[in-house]
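Notes follow once the structure below has been shown.
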Amino acid sequence: PPIAPEAIGALGHSFGGWTALKLPRLEPRVRAVCALAPASEPFIGRRAFEPGELPLPREVATLVIAAREDVLVDLETSIRPLFARLGDDAILEVIDRTDHFHFCDGIELLHKMHENQPREGQHRPTLPLHDLLDESETHDLLCERVTRFFEEALRPQARIEREEDPRGGVL
(Lines give C-alpha, C1' and ligand atoms only; values in the text may rest on other atoms or scores of the structure.)
Protein backbone atom coordinates (compact mmCIF):
# COMPACT_ATOMS: atom_id res chain seq x y z
CA PRO A 1 0.00 0.00 0.00
CA PRO A 2 1.11 3.58 -0.54
CA ILE A 3 2.46 5.64 2.34
CA ALA A 4 -0.23 7.72 4.03
CA PRO A 5 1.40 11.16 4.32
CA GLU A 6 -0.87 12.10 7.23
CA ALA A 7 0.19 9.01 9.23
CA ILE A 8 3.99 8.97 9.38
CA GLY A 9 5.76 7.81 12.52
CA ALA A 10 9.42 7.67 13.50
CA LEU A 11 11.10 5.09 15.72
CA GLY A 12 14.70 4.98 16.87
CA HIS A 13 17.00 3.68 19.58
CA SER A 14 19.84 5.60 21.26
CA PHE A 15 21.21 8.01 18.62
CA GLY A 16 18.32 6.83 16.46
CA GLY A 17 15.94 7.87 19.25
CA TRP A 18 17.60 11.29 19.30
CA THR A 19 17.19 11.47 15.52
CA ALA A 20 13.52 10.44 15.74
CA LEU A 21 12.89 13.26 18.24
CA LYS A 22 14.50 15.77 15.85
CA LEU A 23 12.42 14.67 12.84
CA PRO A 24 9.13 16.50 13.51
CA ARG A 25 10.87 19.90 13.17
CA LEU A 26 12.55 18.77 9.95
CA GLU A 27 9.62 16.87 8.45
CA PRO A 28 6.19 18.22 9.45
CA ARG A 29 4.39 15.09 8.17
CA VAL A 30 5.76 13.11 11.15
CA ARG A 31 2.79 12.65 13.50
CA ALA A 32 4.19 10.16 16.04
CA VAL A 33 7.61 9.52 17.56
CA CYS A 34 8.73 6.58 19.66
CA ALA A 35 12.22 7.01 21.10
CA LEU A 36 13.87 4.03 22.77
CA ALA A 37 16.55 5.14 25.28
CA PRO A 38 17.19 8.31 23.26
CA ALA A 39 20.58 9.95 23.52
CA SER A 40 20.65 13.48 24.90
CA GLU A 41 23.15 15.93 26.36
CA PRO A 42 24.85 13.74 29.00
CA PHE A 43 25.42 10.98 26.45
CA ILE A 44 26.34 13.19 23.51
CA GLY A 45 28.56 15.50 25.57
CA ARG A 46 27.16 18.70 24.07
CA ARG A 47 23.82 20.36 23.42
CA ALA A 48 21.63 17.74 21.76
CA PHE A 49 18.73 19.94 20.66
CA GLU A 50 18.77 23.40 19.15
CA PRO A 51 16.49 26.18 20.42
CA GLY A 52 12.99 25.63 19.07
CA GLU A 53 13.35 21.87 18.54
CA LEU A 54 11.70 21.07 21.88
CA PRO A 55 9.02 20.76 23.00
CA LEU A 56 7.69 18.79 20.08
CA PRO A 57 4.61 20.18 18.36
CA ARG A 58 1.44 19.31 20.24
CA GLU A 59 0.04 17.33 17.31
CA VAL A 60 2.98 14.88 17.44
CA ALA A 61 2.29 11.90 19.72
CA THR A 62 5.45 11.08 21.64
CA LEU A 63 6.44 7.95 23.55
CA VAL A 64 9.82 7.54 25.24
CA ILE A 65 10.69 4.07 26.47
CA ALA A 66 13.64 3.84 28.85
CA ALA A 67 15.51 0.95 30.43
CA ARG A 68 15.72 1.24 34.20
CA GLU A 69 19.21 -0.33 34.35
CA ASP A 70 20.66 1.60 31.40
CA VAL A 71 24.19 2.74 32.27
CA LEU A 72 24.77 4.44 28.91
CA VAL A 73 21.68 6.65 28.69
CA ASP A 74 20.91 7.00 32.37
CA LEU A 75 17.27 7.30 33.41
CA GLU A 76 17.79 10.04 36.01
CA THR A 77 20.50 12.19 34.42
CA SER A 78 19.60 11.80 30.74
CA ILE A 79 16.08 10.48 30.09
CA ARG A 80 14.07 12.36 32.73
CA PRO A 81 15.58 15.81 31.95
CA LEU A 82 15.00 15.22 28.22
CA PHE A 83 11.46 13.98 28.83
CA ALA A 84 10.66 17.13 30.86
CA ARG A 85 11.41 19.18 27.72
CA LEU A 86 9.27 17.15 25.31
CA GLY A 87 5.94 18.71 26.23
CA ASP A 88 2.96 17.89 28.41
CA ASP A 89 1.50 15.29 26.05
CA ALA A 90 4.60 13.07 25.90
CA ILE A 91 4.52 9.67 27.59
CA LEU A 92 7.44 8.06 29.44
CA GLU A 93 7.50 4.35 30.13
CA VAL A 94 10.33 2.68 32.04
CA ILE A 95 10.94 -1.04 31.70
CA ASP A 96 12.35 -2.74 34.78
CA ARG A 97 15.21 -5.23 34.55
CA THR A 98 16.46 -3.93 31.19
CA ASP A 99 19.55 -2.07 30.03
CA HIS A 100 20.51 -0.12 26.91
CA PHE A 101 20.97 -3.24 24.81
CA HIS A 102 17.53 -4.68 25.47
CA PHE A 103 16.26 -2.57 22.57
CA CYS A 104 18.59 -4.45 20.19
CA ASP A 105 18.90 -7.93 18.72
CA GLY A 106 21.73 -9.95 20.20
CA ILE A 107 21.30 -8.63 23.74
CA GLU A 108 23.59 -11.27 25.22
CA LEU A 109 26.56 -10.41 22.98
CA LEU A 110 26.13 -6.64 23.29
CA HIS A 111 25.65 -6.84 27.05
CA LYS A 112 28.76 -9.02 27.49
CA MET A 113 30.86 -6.62 25.37
CA HIS A 114 29.78 -3.69 27.50
CA GLU A 115 30.18 -5.61 30.75
CA ASN A 116 33.77 -6.45 29.78
CA GLN A 117 34.56 -2.90 28.59
CA PRO A 118 32.52 -0.40 30.65
CA ARG A 119 32.11 3.11 29.30
CA GLU A 120 34.49 5.69 30.71
CA GLY A 121 32.84 7.63 33.51
CA GLN A 122 30.10 5.03 34.04
CA HIS A 123 28.43 5.89 37.36
CA ARG A 124 27.43 2.37 38.36
CA PRO A 125 28.27 -1.16 37.28
CA THR A 126 26.44 -3.00 34.53
CA LEU A 127 24.14 -5.60 36.06
CA PRO A 128 24.82 -9.24 35.21
CA LEU A 129 22.67 -10.42 32.32
CA HIS A 130 21.05 -13.16 34.43
CA ASP A 131 19.51 -10.39 36.62
CA LEU A 132 17.76 -8.84 33.60
CA LEU A 133 14.87 -9.82 31.32
CA ASP A 134 15.68 -12.22 28.53
CA GLU A 135 15.70 -11.14 24.90
CA SER A 136 12.45 -12.76 23.77
CA GLU A 137 10.48 -11.48 26.76
CA THR A 138 11.80 -7.96 26.20
CA HIS A 139 11.14 -8.01 22.47
CA ASP A 140 7.60 -9.33 22.95
CA LEU A 141 6.90 -6.52 25.43
CA LEU A 142 8.40 -3.86 23.13
CA CYS A 143 6.65 -5.16 20.03
CA GLU A 144 3.26 -5.05 21.77
CA ARG A 145 3.78 -1.58 23.28
CA VAL A 146 5.32 0.12 20.25
CA THR A 147 2.75 -1.36 17.87
CA ARG A 148 -0.13 -0.24 20.11
CA PHE A 149 1.37 3.26 20.40
CA PHE A 150 1.64 3.75 16.64
CA GLU A 151 -1.76 2.20 15.94
CA GLU A 152 -3.40 4.57 18.45
CA ALA A 153 -1.32 7.64 17.59
CA LEU A 154 -1.70 7.38 13.82
CA ARG A 155 -5.36 6.45 13.58
CA PRO A 156 -7.27 9.40 12.09
CA GLN A 157 -9.45 10.08 15.15
CA ALA A 158 -6.42 10.25 17.48
CA ARG A 159 -4.87 13.00 15.35
CA ILE A 160 -8.10 15.01 15.46
CA GLU A 161 -8.42 14.57 19.24
CA ARG A 162 -4.82 15.73 19.86
CA GLU A 163 -5.35 18.80 17.71
CA GLU A 164 -8.72 19.72 19.27
CA ASP A 165 -8.32 18.75 22.97
CA PRO A 166 -6.90 21.79 24.82
CA ARG A 167 -5.86 19.57 27.73
CA GLY A 168 -3.76 17.24 25.56
CA GLY A 169 -2.80 13.81 26.83
CA VAL A 170 -5.13 11.81 24.59
CA LEU A 171 -3.06 8.62 24.62
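Residue numbering restarts at 1 for every chain of the C-alpha coordinates, chains are lettered A, B, ... in their displayed order, and ligands are numbered from 1 as they appear.
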
DSSP helix (DSSP H, G or I) selection over chain A, as a PyMOL selection string: chain A and resi 15-26+41-44+75-84+100-103+107-116+129-131+135-154+156-164

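Taking only C-alpha atoms, the non-local environment of stretch 102-111 of chain A within 7 Å (same-chain residues fewer than 3 positions away omitted) comprises His13, Thr98, Asp99, His114, Glu115, Glu135 and Thr138 of chain A.
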
Minimum-distance residue to A:Leu21, chosen among A:Leu127, A:Ala67, A:Ala7, A:Ala61 (using only C-alpha atoms):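 Of all the options, A:Ala61 lies closest to A:Leu21.
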
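Nearest-residue note for A:Arg31: choosing from A:Thr19, A:Thr126, A:Gln117, A:Thr62, the minimum distance belongs to A:Thr62, counting only C-alpha atoms.
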
Distance in Å - atom CA of A:Leu63 versus atom CA of A:Leu92: 6.0 Å

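Excluding A:Glu69 itself and same-chain residues fewer than 2 positions from it, the residues having an atom within 10 Å of it are Ala66, Ala67, Val71, Leu72, Val73, Asp74, Leu75, Val94, Ile95, Asp96, Arg97, Thr98, Asp99, His100, Arg124, Pro125, Thr126, Leu127 and Leu132 of chain A, counting only C-alpha atoms.
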
Proximity to A:Arg25 - best of A:Val146, A:Leu54, A:Ile79, A:Ala4, only C-alpha atoms: A:Leu54
